[in-house]
$ cat entry_10.txt   # compact mmCIF, C-alpha atoms
# COMPACT_ATOMS: atom_id res chain seq x y z
CA MET A 1 50.72 -44.07 -10.10
CA PRO A 2 52.00 -44.18 -6.48
CA ARG A 3 55.47 -42.76 -5.94
CA HIS A 4 56.93 -45.95 -4.47
CA PHE A 5 55.71 -47.92 -7.50
CA LYS A 6 57.36 -45.39 -9.82
CA ASN A 7 60.65 -45.88 -7.98
CA THR A 8 60.29 -49.66 -8.16
CA LEU A 9 59.63 -49.43 -11.89
CA PHE A 10 62.71 -47.24 -12.32
CA ILE A 11 64.91 -49.75 -10.43
CA LEU A 12 63.42 -52.60 -12.41
CA THR A 13 64.20 -50.89 -15.72
CA ILE A 14 67.79 -50.13 -14.73
CA VAL A 15 68.40 -53.70 -13.52
CA THR A 16 66.83 -55.17 -16.68
CA VAL A 17 69.06 -53.05 -18.92
CA LEU A 18 72.12 -54.06 -16.87
CA LEU A 19 71.17 -57.73 -17.13
CA PHE A 20 70.81 -57.48 -20.91
CA VAL A 21 74.31 -55.96 -20.97
CA THR A 22 75.66 -58.91 -18.91
CA ILE A 23 73.98 -61.34 -21.32
CA ILE A 24 75.75 -59.70 -24.25
CA ILE A 25 79.09 -59.60 -22.42
CA SER A 26 78.83 -63.21 -21.21
CA ARG A 27 78.27 -64.50 -24.76
CA SER A 28 82.04 -64.70 -25.10
CA ALA A 29 83.68 -67.50 -23.10
CA ASP A 30 86.77 -65.30 -22.69
CA SER A 31 84.75 -62.54 -21.03
CA LYS A 32 85.97 -61.41 -17.62
CA ILE A 33 82.40 -61.63 -16.30
CA HIS A 34 82.82 -65.40 -15.89
CA PHE A 35 84.99 -64.70 -12.84
CA ILE A 36 81.66 -64.77 -10.98
CA TYR A 37 81.45 -68.50 -11.63
CA ASP A 38 85.09 -68.97 -10.57
CA THR A 39 84.36 -67.17 -7.31
CA PHE A 40 81.08 -68.81 -6.38
CA SER A 41 81.57 -72.34 -7.68
CA MET A 42 84.34 -73.42 -5.28
CA PRO A 43 82.41 -73.53 -1.99
CA PHE A 44 79.57 -75.44 -3.66
CA GLU A 45 81.71 -78.05 -5.39
CA PRO A 46 82.01 -80.49 -2.41
CA LEU A 47 78.24 -80.27 -1.86
CA GLN A 48 77.49 -80.89 -5.52
CA LYS A 49 79.95 -83.80 -5.63
CA ALA A 50 78.53 -85.39 -2.49
CA SER A 51 74.92 -85.06 -3.63
CA SER A 52 75.77 -86.36 -7.10
CA ASN A 53 77.49 -89.42 -5.57
CA LEU A 54 74.58 -89.95 -3.20
CA THR A 55 72.11 -89.82 -6.08
CA SER A 56 74.10 -92.36 -8.05
CA GLU A 57 74.02 -94.69 -5.02
CA ILE A 58 70.26 -94.18 -4.58
CA LYS A 59 69.62 -94.73 -8.29
CA GLY A 60 71.63 -97.94 -8.15
CA SER A 61 69.63 -99.19 -5.16
CA LEU A 62 66.32 -98.21 -6.80
CA SER A 63 67.16 -100.02 -10.01
CA VAL A 64 67.89 -103.17 -7.98
CA LEU A 65 64.53 -102.80 -6.19
CA SER A 66 62.59 -102.23 -9.41
CA SER A 67 64.08 -105.30 -11.07
CA ILE A 68 63.57 -107.61 -8.08
CA ASP A 69 60.92 -109.71 -9.85
CA GLU A 70 63.19 -110.26 -12.80
CA VAL A 71 65.99 -111.24 -10.47
CA LYS A 72 63.73 -113.78 -8.75
CA GLU A 73 62.73 -115.35 -12.06
CA GLU A 74 66.30 -115.44 -13.16
CA LEU A 75 67.32 -117.08 -9.93
CA GLN A 76 64.63 -119.70 -10.36
CA SER A 77 65.75 -120.60 -13.85
CA VAL A 78 69.44 -120.79 -13.00
CA LYS A 79 69.29 -122.36 -9.56
CA ASN A 80 71.01 -125.48 -10.81
CA GLU A 81 73.87 -123.54 -12.23
CA ASN A 82 77.08 -123.17 -10.40
CA ASP A 83 77.09 -119.71 -8.76
CA GLU A 84 80.78 -119.49 -8.60
CA LEU A 85 81.15 -120.22 -12.29
CA LYS A 86 78.49 -117.67 -13.14
CA ASN A 87 80.24 -114.98 -11.15
CA LYS A 88 83.48 -115.72 -12.93
CA VAL A 89 81.76 -115.39 -16.31
CA ASN A 90 80.23 -112.06 -15.26
CA GLU A 91 83.57 -110.83 -14.02
CA ALA A 92 85.22 -111.86 -17.26
CA GLN A 93 82.58 -110.00 -19.29
CA SER A 94 83.04 -106.89 -17.20
CA VAL A 95 86.82 -107.07 -17.68
CA ILE A 96 86.39 -107.49 -21.44
CA LYS A 97 84.12 -104.43 -21.61
CA GLN A 98 86.49 -102.39 -19.49
CA ASN A 99 89.37 -103.58 -21.64
CA GLU A 100 87.57 -102.47 -24.80
CA GLU A 101 86.98 -99.01 -23.36
CA LEU A 102 90.59 -98.75 -22.21
CA ARG A 103 91.79 -99.80 -25.66
CA GLU A 104 89.63 -97.09 -27.22
CA LEU A 105 91.05 -94.55 -24.78
CA LEU A 106 94.58 -95.78 -25.44
CA GLY A 107 93.96 -95.31 -29.13
CA LEU A 108 92.88 -91.76 -28.48
CA LYS A 109 95.85 -91.11 -26.25
CA GLU A 110 98.25 -92.29 -28.93
CA GLN A 111 96.44 -90.10 -31.46
CA TYR A 112 96.52 -86.86 -29.47
CA THR A 113 99.99 -86.61 -28.00
CA ASP A 114 99.91 -82.81 -27.63
CA TYR A 115 97.18 -83.00 -25.03
CA GLN A 116 97.02 -83.87 -21.37
CA TYR A 117 94.20 -86.27 -20.47
CA ILE A 118 92.21 -85.32 -17.39
CA ALA A 119 89.43 -87.64 -16.24
CA ALA A 120 86.47 -85.88 -14.61
CA SER A 121 83.06 -86.72 -13.20
CA ILE A 122 79.87 -84.78 -13.89
CA ILE A 123 78.69 -83.28 -10.62
CA ALA A 124 75.80 -81.12 -11.84
CA GLY A 125 73.65 -81.23 -14.93
CA ASP A 126 71.57 -78.82 -16.93
CA ALA A 127 69.07 -77.88 -14.24
CA THR A 128 67.10 -75.56 -16.49
CA ASP A 129 66.87 -77.90 -19.50
CA TRP A 130 67.81 -74.94 -21.68
CA SER A 131 71.56 -74.47 -21.60
CA ASN A 132 73.10 -77.92 -22.30
CA VAL A 133 75.74 -77.06 -19.73
CA PHE A 134 77.22 -79.60 -17.31
CA GLN A 135 79.54 -79.08 -14.37
CA ILE A 136 82.56 -81.29 -13.80
CA ASP A 137 84.66 -81.81 -10.69
CA LYS A 138 87.95 -80.58 -12.18
CA GLY A 139 89.11 -77.02 -12.68
CA THR A 140 92.15 -74.84 -13.30
CA ALA A 141 93.95 -76.48 -10.36
CA ASP A 142 93.87 -79.74 -12.34
CA GLY A 143 95.18 -78.11 -15.52
CA ILE A 144 91.89 -77.41 -17.30
CA VAL A 145 91.70 -74.29 -19.43
CA ILE A 146 88.82 -72.60 -21.27
CA HIS A 147 88.18 -74.09 -24.74
CA SER A 148 89.58 -77.51 -23.78
CA SER A 149 87.78 -80.27 -25.65
CA VAL A 150 85.71 -82.74 -23.67
CA ILE A 151 85.44 -86.34 -24.90
CA THR A 152 84.56 -89.88 -23.91
CA SER A 153 85.89 -93.07 -25.44
CA LYS A 154 82.92 -92.89 -27.87
CA GLY A 155 83.54 -89.38 -29.19
CA LEU A 156 83.19 -85.64 -28.72
CA VAL A 157 81.13 -84.33 -25.78
CA GLY A 158 81.72 -80.58 -25.97
CA ILE A 159 83.96 -77.79 -24.82
CA VAL A 160 84.95 -76.13 -21.54
CA VAL A 161 83.24 -72.73 -21.39
CA SER A 162 84.02 -71.65 -17.85
CA CYS A 163 86.69 -72.67 -15.34
CA GLY A 164 86.72 -72.41 -11.58
CA LEU A 165 89.59 -73.58 -9.40
CA THR A 166 88.08 -76.97 -8.65
CA SER A 167 85.16 -77.22 -11.09
CA SER A 168 84.35 -76.24 -14.67
CA LYS A 169 81.35 -75.80 -16.92
CA ILE A 170 81.19 -77.68 -20.20
CA MET A 171 78.85 -76.90 -23.07
CA THR A 172 77.83 -79.93 -25.06
CA VAL A 173 78.42 -80.13 -28.78
CA VAL A 174 74.67 -80.54 -29.40
CA ASP A 175 73.88 -77.04 -28.06
CA GLU A 176 72.23 -74.79 -30.60
CA THR A 177 74.90 -72.11 -30.18
CA ASN A 178 77.66 -74.56 -31.06
CA ILE A 179 78.95 -74.50 -34.63
CA LEU A 180 82.03 -76.38 -35.77
CA MET A 181 83.74 -77.46 -38.94
CA ALA A 182 83.79 -81.20 -39.52
CA ARG A 183 84.68 -83.78 -42.13
CA ILE A 184 82.85 -86.79 -43.50
CA ALA A 185 85.28 -89.55 -42.46
CA ARG A 186 84.76 -91.61 -45.62
CA THR A 187 85.34 -88.84 -48.18
CA ASN A 188 87.14 -86.18 -46.13
CA ASP A 189 84.66 -83.56 -47.42
CA LEU A 190 84.48 -80.46 -45.23
CA VAL A 191 81.03 -79.64 -43.77
CA ARG A 192 79.61 -77.27 -41.18
CA VAL A 193 77.91 -78.91 -38.21
CA ARG A 194 75.74 -77.27 -35.58
CA GLY A 195 73.85 -78.45 -32.55
CA ILE A 196 70.05 -78.49 -32.62
CA SER A 197 69.28 -79.85 -29.18
CA ASN A 198 67.22 -76.98 -27.86
CA GLU A 199 64.02 -78.06 -29.49
CA ASN A 200 61.97 -80.90 -28.04
CA MET A 201 64.72 -82.29 -25.79
CA VAL A 202 66.35 -84.20 -28.66
CA PHE A 203 70.14 -84.41 -28.67
CA GLU A 204 71.12 -84.08 -32.30
CA LEU A 205 73.33 -82.11 -34.66
CA ARG A 206 72.78 -80.92 -38.19
CA VAL A 207 74.93 -80.48 -41.28
CA ASP A 208 73.56 -77.48 -43.16
CA ARG A 209 73.77 -76.64 -46.84
CA ILE A 210 75.43 -79.77 -48.18
CA ALA A 211 76.33 -79.05 -51.77
CA SER A 212 75.17 -81.46 -54.49
CA ASN A 213 78.74 -82.55 -55.25
CA VAL A 214 79.36 -83.67 -51.66
CA ASP A 215 79.04 -87.43 -51.26
CA ILE A 216 77.12 -88.17 -48.04
CA PHE A 217 75.08 -91.21 -47.01
CA VAL A 218 73.14 -92.38 -43.98
CA GLY A 219 75.60 -94.09 -41.63
CA ASP A 220 78.58 -91.90 -42.58
CA ARG A 221 80.78 -90.96 -39.64
CA ILE A 222 81.31 -87.26 -39.04
CA ILE A 223 84.60 -86.24 -37.40
CA THR A 224 86.04 -82.93 -36.25
CA ALA A 225 88.13 -80.91 -38.67
CA GLU A 226 90.90 -78.49 -37.83
CA SER A 227 88.64 -75.52 -36.98
CA GLY A 228 90.85 -72.79 -35.58
CA GLY A 229 92.42 -75.13 -33.06
CA VAL A 230 89.39 -75.37 -30.78
CA TYR A 231 88.72 -79.07 -31.33
CA PRO A 232 91.54 -81.49 -32.21
CA LYS A 233 90.86 -83.01 -35.60
CA GLY A 234 89.61 -86.56 -35.97
CA LEU A 235 87.30 -86.78 -32.94
CA VAL A 236 84.09 -88.64 -33.72
CA ILE A 237 81.05 -86.34 -33.56
CA GLY A 238 78.44 -88.86 -34.67
CA THR A 239 76.90 -90.69 -37.60
CA VAL A 240 74.48 -89.47 -40.27
CA LYS A 241 70.96 -90.46 -39.26
CA SER A 242 68.96 -88.97 -42.13
CA ILE A 243 69.37 -86.72 -45.16
CA GLN A 244 66.73 -84.28 -46.35
CA SER A 245 66.65 -82.28 -49.56
CA GLN A 246 65.93 -78.57 -49.33
CA SER A 247 63.10 -77.50 -51.59
CA SER A 248 64.36 -73.91 -51.82
CA ASP A 249 67.74 -74.74 -53.37
CA SER A 250 69.73 -77.77 -54.47
CA THR A 251 71.42 -78.23 -51.09
CA ARG A 252 70.70 -80.96 -48.51
CA VAL A 253 70.55 -81.13 -44.75
CA ALA A 254 71.82 -84.12 -42.74
CA ILE A 255 70.80 -84.98 -39.20
CA ILE A 256 73.64 -86.36 -37.06
CA GLU A 257 73.14 -88.78 -34.19
CA PRO A 258 75.87 -87.95 -31.65
CA ALA A 259 78.36 -90.71 -30.82
CA VAL A 260 77.99 -89.91 -27.13
CA ASP A 261 74.84 -90.79 -25.19
CA PHE A 262 74.23 -87.47 -23.40
CA LYS A 263 71.43 -88.88 -21.27
CA ARG A 264 73.78 -91.36 -19.59
CA LEU A 265 76.89 -89.23 -19.39
CA SER A 266 78.68 -89.44 -16.03
CA GLU A 267 82.43 -89.55 -16.72
CA VAL A 268 84.35 -87.50 -19.27
CA ILE A 269 87.93 -86.82 -20.35
CA ILE A 270 89.26 -83.31 -20.85
CA LEU A 271 91.88 -82.75 -23.52
CA SER A 272 93.94 -79.91 -22.12
CA PRO A 273 96.79 -78.59 -24.29
CA LYS A 274 100.19 -79.58 -22.85
CA GLU A 275 101.66 -76.10 -23.45
CA THR A 276 99.40 -74.73 -20.74
CA GLN A 277 100.94 -77.09 -18.23
CA GLY A 278 104.41 -75.89 -19.26
CA ASP A 279 103.36 -72.27 -18.94
CA LYS A 280 102.26 -72.87 -15.41
CA MET B 281 66.05 -59.37 8.92
CA LYS B 282 69.09 -61.58 9.61
CA LYS B 283 66.79 -64.54 10.22
CA LYS B 284 65.04 -63.85 6.91
CA VAL B 285 68.28 -63.67 4.90
CA LEU B 286 69.60 -66.83 6.59
CA PHE B 287 66.47 -68.84 5.80
CA TYR B 288 66.31 -67.52 2.23
CA ALA B 289 69.97 -68.44 1.68
CA LEU B 290 69.46 -71.91 3.15
CA TRP B 291 66.43 -72.57 0.94
CA ILE B 292 68.27 -71.35 -2.16
CA ILE B 293 71.37 -73.50 -1.49
CA VAL B 294 69.36 -76.63 -0.71
CA LEU B 295 67.06 -76.23 -3.72
CA LEU B 296 69.97 -75.43 -6.06
CA ILE B 297 71.84 -78.58 -5.03
CA LEU B 298 68.64 -80.65 -5.32
CA GLN B 299 67.82 -79.17 -8.72
CA GLU B 300 71.19 -79.45 -10.44
CA SER B 301 72.69 -82.55 -8.82
CA ILE B 302 69.77 -84.74 -7.81
CA PHE B 303 66.63 -83.96 -9.80
CA ILE B 304 68.47 -84.11 -13.13
CA HIS B 305 68.74 -87.86 -12.46
CA PHE B 306 64.99 -88.10 -11.84
CA LYS B 307 63.58 -86.56 -14.99
CA ILE B 308 59.92 -87.14 -15.83
CA LEU B 309 59.25 -87.35 -19.57
CA GLY B 310 62.74 -85.98 -20.13
CA VAL B 311 62.34 -82.77 -18.14
CA SER B 312 63.57 -81.74 -14.71
CA PRO B 313 61.62 -79.47 -12.36
CA ASN B 314 62.47 -75.88 -11.54
CA LEU B 315 62.54 -76.00 -7.75
CA LEU B 316 63.84 -72.47 -7.46
CA LEU B 317 60.84 -71.19 -9.40
CA ALA B 318 58.55 -72.79 -6.81
CA PHE B 319 60.59 -71.04 -4.12
CA VAL B 320 60.42 -67.68 -5.89
CA PHE B 321 56.68 -68.02 -6.45
CA CYS B 322 55.85 -68.91 -2.86
CA PHE B 323 58.16 -66.46 -1.09
CA SER B 324 57.40 -63.58 -3.48
CA PHE B 325 53.66 -64.07 -3.07
CA PHE B 326 54.02 -63.19 0.61
CA SER B 327 56.52 -60.35 0.01
CA THR B 328 56.40 -56.73 -0.98
CA GLU B 329 57.18 -55.88 -4.61
CA ARG B 330 60.69 -54.64 -3.89
CA ASN B 331 61.61 -57.66 -1.77
CA ALA B 332 60.19 -59.94 -4.46
CA ILE B 333 62.27 -58.25 -7.18
CA GLY B 334 65.40 -58.63 -5.04
CA LEU B 335 64.65 -62.26 -4.31
CA GLY B 336 63.92 -63.07 -7.95
CA LEU B 337 67.10 -61.31 -9.06
CA VAL B 338 69.27 -63.24 -6.58
CA VAL B 339 67.70 -66.62 -7.42
CA GLY B 340 67.94 -65.94 -11.16
CA LEU B 341 71.60 -64.95 -10.89
CA VAL B 342 72.32 -68.12 -8.90
CA LEU B 343 70.69 -70.18 -11.68
CA ASP B 344 72.64 -68.30 -14.35
CA ILE B 345 75.96 -68.67 -12.56
CA PHE B 346 75.63 -72.36 -11.78
CA CYS B 347 73.51 -73.75 -14.57
CA GLY B 348 73.78 -71.55 -17.62
CA ARG B 349 76.34 -70.34 -20.09
CA LEU B 350 75.06 -66.77 -20.20
CA ILE B 351 74.71 -64.55 -17.15
CA GLY B 352 71.40 -62.72 -17.07
CA PRO B 353 68.57 -64.67 -18.73
CA TYR B 354 67.26 -66.35 -15.59
CA ALA B 355 67.91 -63.24 -13.52
CA ILE B 356 65.50 -61.36 -15.81
CA LEU B 357 62.96 -64.19 -15.91
CA MET B 358 62.98 -64.78 -12.16
CA MET B 359 62.91 -61.09 -11.33
CA TYR B 360 59.74 -60.52 -13.34
CA SER B 361 58.21 -63.81 -12.16
CA ALA B 362 58.79 -62.74 -8.58
CA LEU B 363 57.23 -59.34 -9.23
CA ALA B 364 54.23 -61.00 -10.86
CA ALA B 365 53.79 -63.34 -7.87
CA SER B 366 53.95 -60.39 -5.51
CA LEU B 367 51.45 -58.36 -7.56
CA LEU B 368 49.09 -61.35 -7.69
CA ASN B 369 48.59 -61.07 -3.94
CA PHE B 370 45.62 -58.68 -4.27
CA SER B 371 44.27 -57.06 -1.13
CA LYS B 372 41.00 -58.96 -1.58
CA PHE B 373 42.78 -62.30 -1.19
CA LYS B 374 45.62 -61.00 0.97
CA ASN B 375 47.85 -63.95 2.02
CA SER B 376 45.13 -66.48 1.27
CA PHE B 377 46.55 -70.00 0.84
CA SER B 378 43.57 -71.31 -1.11
CA TYR B 379 43.96 -68.43 -3.56
CA LEU B 380 47.68 -69.27 -3.82
CA ALA B 381 46.75 -72.87 -4.67
CA ILE B 382 44.29 -71.73 -7.37
CA ILE B 383 46.79 -69.50 -9.17
CA THR B 384 49.60 -72.07 -9.07
CA ILE B 385 48.76 -73.84 -12.35
CA PRO B 386 48.19 -70.68 -14.46
CA TYR B 387 51.31 -69.11 -12.92
CA PHE B 388 53.59 -72.04 -13.83
CA ALA B 389 51.94 -72.38 -17.24
CA ILE B 390 52.47 -68.71 -18.11
CA TYR B 391 56.04 -68.87 -16.77
CA SER B 392 56.84 -71.90 -18.97
CA PHE B 393 55.52 -70.19 -22.10
CA ILE B 394 57.38 -66.96 -21.36
CA GLU B 395 60.55 -68.93 -20.60
CA TYR B 396 60.22 -70.75 -23.92
CA PHE B 397 59.70 -67.59 -26.00
CA PHE B 398 62.42 -65.71 -24.14
CA MET B 399 64.98 -68.52 -24.49
CA ARG B 400 64.10 -68.94 -28.18
CA LEU B 401 64.66 -65.21 -28.68
CA LEU B 402 68.01 -65.43 -26.91
CA HIS B 403 69.02 -68.44 -28.99
CA MET B 404 68.12 -66.52 -32.11
CA MET B 405 70.45 -63.77 -30.93
CA THR B 406 73.30 -66.06 -29.92
CA ALA B 407 73.02 -68.85 -32.47
CA GLU B 408 72.66 -68.78 -36.21
CA SER B 409 69.12 -69.99 -35.89
CA ALA B 410 66.87 -67.93 -38.09
CA VAL B 411 63.63 -69.69 -37.15
CA PHE B 412 61.90 -68.44 -34.01
CA LEU B 413 59.37 -71.22 -33.47
CA LYS B 414 60.62 -74.29 -35.27
CA ASP B 415 58.18 -76.87 -33.99
CA PHE B 416 55.93 -75.26 -31.41
CA SER B 417 53.41 -78.08 -31.07
CA GLY B 418 56.22 -80.62 -30.68
CA THR B 419 57.91 -78.46 -28.07
CA MET B 420 54.61 -78.05 -26.24
CA GLU B 421 54.25 -81.81 -26.01
CA ALA B 422 57.87 -82.67 -25.28
CA ARG B 423 58.93 -79.81 -23.06
CA ILE B 424 56.36 -77.25 -21.95
CA LEU B 425 53.48 -79.44 -20.76
CA PRO B 426 55.64 -81.96 -18.83
CA GLN B 427 57.52 -79.05 -17.28
CA ILE B 428 54.31 -77.35 -16.09
CA LEU B 429 53.07 -80.63 -14.64
CA TYR B 430 56.34 -81.41 -12.88
CA ASN B 431 56.68 -77.87 -11.50
CA VAL B 432 53.13 -77.94 -10.11
CA ILE B 433 53.72 -81.33 -8.45
CA ILE B 434 56.98 -80.11 -6.95
CA PHE B 435 55.28 -76.94 -5.71
CA ILE B 436 52.57 -78.99 -4.00
CA VAL B 437 55.29 -81.03 -2.25
CA LEU B 438 57.32 -77.97 -1.25
CA ALA B 439 54.42 -75.64 -0.40
CA TYR B 440 53.95 -76.80 3.19
CA PRO B 441 57.60 -76.48 4.33
CA MET B 442 57.94 -73.18 2.46
CA VAL B 443 54.80 -71.66 3.95
CA SER B 444 55.90 -72.90 7.40
CA THR B 445 59.22 -71.12 6.91
CA ILE B 446 57.44 -67.90 5.89
CA ARG B 447 55.23 -68.11 9.00
CA PHE B 448 58.30 -68.74 11.17
CA ILE B 449 60.13 -65.74 9.68
CA LYS B 450 57.14 -63.44 10.16
CA ARG B 451 56.63 -64.52 13.76

$ encode --input "entry_10.txt" --output "structure tokens"
Amino acid sequence: MPRHFKNTLFILTIVTVLLFVTIIISRSADSKIHFIYDTFSMPFEPLQKASSNLTSEIKGSLSVLSSIDEVKEELQSVKNENDELKNKVNEAQSVIKQNEELRELLGLKEQYTDYQYIAASIIAGDATDWSNVFQIDKGTADGIVIHSSVITSKGLVGIVVSCGLTSSKIMTVVDETNILMARIARTNDLVRVRGISNENMVFELRVDRIASNVDIFVGDRIITAESGGVYPKGLVIGTVKSIQSQSSDSTRVAIIEPAVDFKRLSEVIILSPKETQGDK
Amino acid sequence: MKKKVLFYALWIIVLLILQESIFIHFKILGVSPNLLLAFVFCFSFFSTERNAIGLGLVVGLVLDIFCGRLIGPYAILMMYSALAASLLNFSKFKNSFSYLAIITIPYFAIYSFIEYFFMRLLHMMTAESAVFLKDFSGTMEARILPQILYNVIIFIVLAYPMVSTIRFIKR
């Protein structure tokens, strides 16, 4: 074996071992190694934000172009209608929808008084399709801390796993590494829920080992329980999609459809504990 | 050397922004392409082993820092992928573009399989998931095959500007 190749192999081995060590260290969200993200994320944040906004604009324009035939047909069928009246109806519908969402948010706000509500936009998604991690445009400067819960008006999105000054990383609740205690809203039974999204690009969760005495049906709502203070209790995780019996024992497994549509996620709300603001 | 580092950095920044902020909105069959892998493959193919390892390490760390929860998995994957690309440039086909085009599909295919097994292993370590390959055929269909296809298409699109950059650097 040539000498230079031996040296290369030696370097490669050392670096590989070091990288495995960083993987182990970075498993904990509290690990100091995440300072790397804090340091490097800030200069990129404006670029990410700008490109994300640009893409949204382009997508909007493309969707208009792709539906041009439909629009033409629609125009033909409604040409006798009063345009002004139609616009007013559309506006009214939009206001009603917005109002519904705001009511839902208001309900949440009244429910969780110990938290500060921080609205954020998603500026970068899971580029590798493996981590279920999104980046948002708010960071420690806006009052976000690690382990803050991330929600929408529909329900739980995930948790903040890394914070930079002006951006943060959130891990979605459907990630395979995510395990949380939850309750069946109808019966208040305590269950353990974990994400199973890393197979086949399906965003789902699973309730493992449901005992025979636990009353659970398809359509039941699953909500967060008080699990060590990470997630506030009562946030909607999703609804039971299917229940399967385990052949090995008498337990059952339930598949949960998340309340949040992760494929269309663009805006989120961060629940940051108010104490942190006071500490600052 | 300065010119090389500058161009490498520019390519990495542009591809990172494209990959994480733009291409995630343009998924094909639910998957997004790995633009930085195309970059690593092309630039490592025309590099020495040591340079390729360095390049793969940097690109992998960038992916880990910006896109992942753990720091290290993509650094390892990219480092070895870069070394493989560099070693594939046998003296018989030294810097041949047609040879590069031929090995593109097997390279991306092997990478996708290794990435899958490696990430499954890591998930087994980090999550309470006892099963290594839960639904391999389903994953092949839903994730691996579309990813290979998308990565190859992206590489074909990016190959010309990347090779032009390499020629410009070497001038």

$ residues_around --input "entry_10.txt" --residues "region 375-380 of chain B" --least-positions-apart "2" --cutoff "9 Å" --atoms "all atoms listed in the file" --output "list in words"
Cys322, Phe325, Phe326, Leu368, Asn369, Phe370, Ser371, Phe373, Ile382, Ile383, Thr384 and Val443 of chain B

$ write_last_selection --input "entry_10.txt" --atoms "C-alpha atoms" --output "PDB file, keeping the file's coordinate frame"
ATOM      1  CA  CYS B 322      55.850 -68.910  -2.860  1.00  0.00           C
ATOM      2  CA  PHE B 325      53.660 -64.070  -3.070  1.00  0.00           C
ATOM      3  CA  PHE B 326      54.020 -63.190   0.610  1.00  0.00           C
ATOM      4  CA  LEU B 368      49.090 -61.350  -7.690  1.00  0.00           C
ATOM      5  CA  ASN B 369      48.590 -61.070  -3.940  1.00  0.00           C
ATOM      6  CA  PHE B 370      45.620 -58.680  -4.270  1.00  0.00           C
ATOM      7  CA  SER B 371      44.270 -57.060  -1.130  1.00  0.00           C
ATOM      8  CA  PHE B 373      42.780 -62.300  -1.190  1.00  0.00           C
ATOM      9  CA  ILE B 382      44.290 -71.730  -7.370  1.00  0.00           C
ATOM     10  CA  ILE B 383      46.790 -69.500  -9.170  1.00  0.00           C
ATOM     11  CA  THR B 384      49.600 -72.070  -9.070  1.00  0.00           C
ATOM     12  CA  VAL B 443      54.800 -71.660   3.950  1.00  0.00           C
TER      13      VAL B 443
END

$ residues_near_point --input "entry_10.txt" --point "(73.4, -90.5, -16.6)" --cutoff "9 Å" --atoms "only C-alpha atoms" --output "list of chain:residue names"
A:Ser56, A:Asp261, A:Phe262, A:Lys263, A:Arg264, A:Leu265, A:Ser266, B:Ile304, B:His305

$ atom_distance --input "entry_10.txt" --atom1 "CA of Ser131 (chain A)" --atom2 "CA of Pro258 (chain A)"
17.4 Å

$ interface_residues --input "entry_10.txt" --of "chain A" --to "chain B" --cutoff "8 Å" --atoms "only C-alpha atoms" --output "PyMOL selection string"
chain A and resi 8+12+16+19-20+22-23+26-27+36-37+41+47-48+51-52+55+123-134+161+171+176-178+199-201

$ residues_around --input "entry_10.txt" --residues "Arg221 (chain A)" --least-positions-apart "5" --cutoff "9 Å" --atoms "only C-alpha atoms" --output "number ranges by chain"
A: 183-186, 236-240, 256

$ closest_residue --input "entry_10.txt" --among "B:Leu367, B:Ile428, B:Leu316, B:Val339" --to "Phe393 (chain B)" --atoms "all atoms listed in the file"
B:Ile428

$ atom_distance --input "entry_10.txt" --atom1 "CA of Thr166 (chain A)" --atom2 "CA of Ile24 (chain A)"
26.3 Å

$ atom_distance --input "entry_10.txt" --atom1 "CA of Val15 (chain A)" --atom2 "CA of Ala364 (chain B)"
16.2 Å

$ residues_around --input "entry_10.txt" --residues "Phe35 (chain A)" --least-positions-apart "5" --cutoff "9 Å" --atoms "only C-alpha atoms" --output "VMD selection string"
chain A and resid 40 162 to 164

$ axis_aligned_box --input "entry_10.txt" --around "region 15-20 of chain A" --padding-each-side "6 Å" --output "AutoDock Vina command-line options"
--center_x 69.5 --center_y -55.4 --center_z -17.2 --size_x 17.3 --size_y 16.7 --size_z 19.4

$ residues_near_point --input "entry_10.txt" --point "(60.2, -75.3, -4.4)" --cutoff "9 Å" --atoms "all atoms listed in the file" --output "list in words"
Trp291, Leu295, Asn314, Leu315, Leu316, Leu317, Ala318, Phe319, Val320, Phe321, Cys322, Asn431, Ile434, Phe435, Ile436, Val437, Leu438, Ala439 and Met442 of chain B

$ closest_residue --input "entry_10.txt" --among "B:Leu429, B:Phe287, B:Met358, B:Lys307" --to "Ser444 (chain B)" --atoms "only C-alpha atoms"
B:Phe287

$ closest_residue --input "entry_10.txt" --among "B:Ala381, B:Leu335, B:Ile446, B:Ala362" --to "Ile292 (chain B)" --atoms "all atoms listed in the file"
B:Leu335

$ closest_residue --input "entry_10.txt" --among "B:Thr445, B:Ser324, B:Arg451, B:Phe397" --to "Leu286 (chain B)" --atoms "all atoms listed in the file"
B:Thr445

$ closest_residue --input "entry_10.txt" --among "A:Ile159, A:Val173, A:Ala120, A:Leu18" --to "Asp142 (chain A)" --atoms "only C-alpha atoms"
A:Ala120
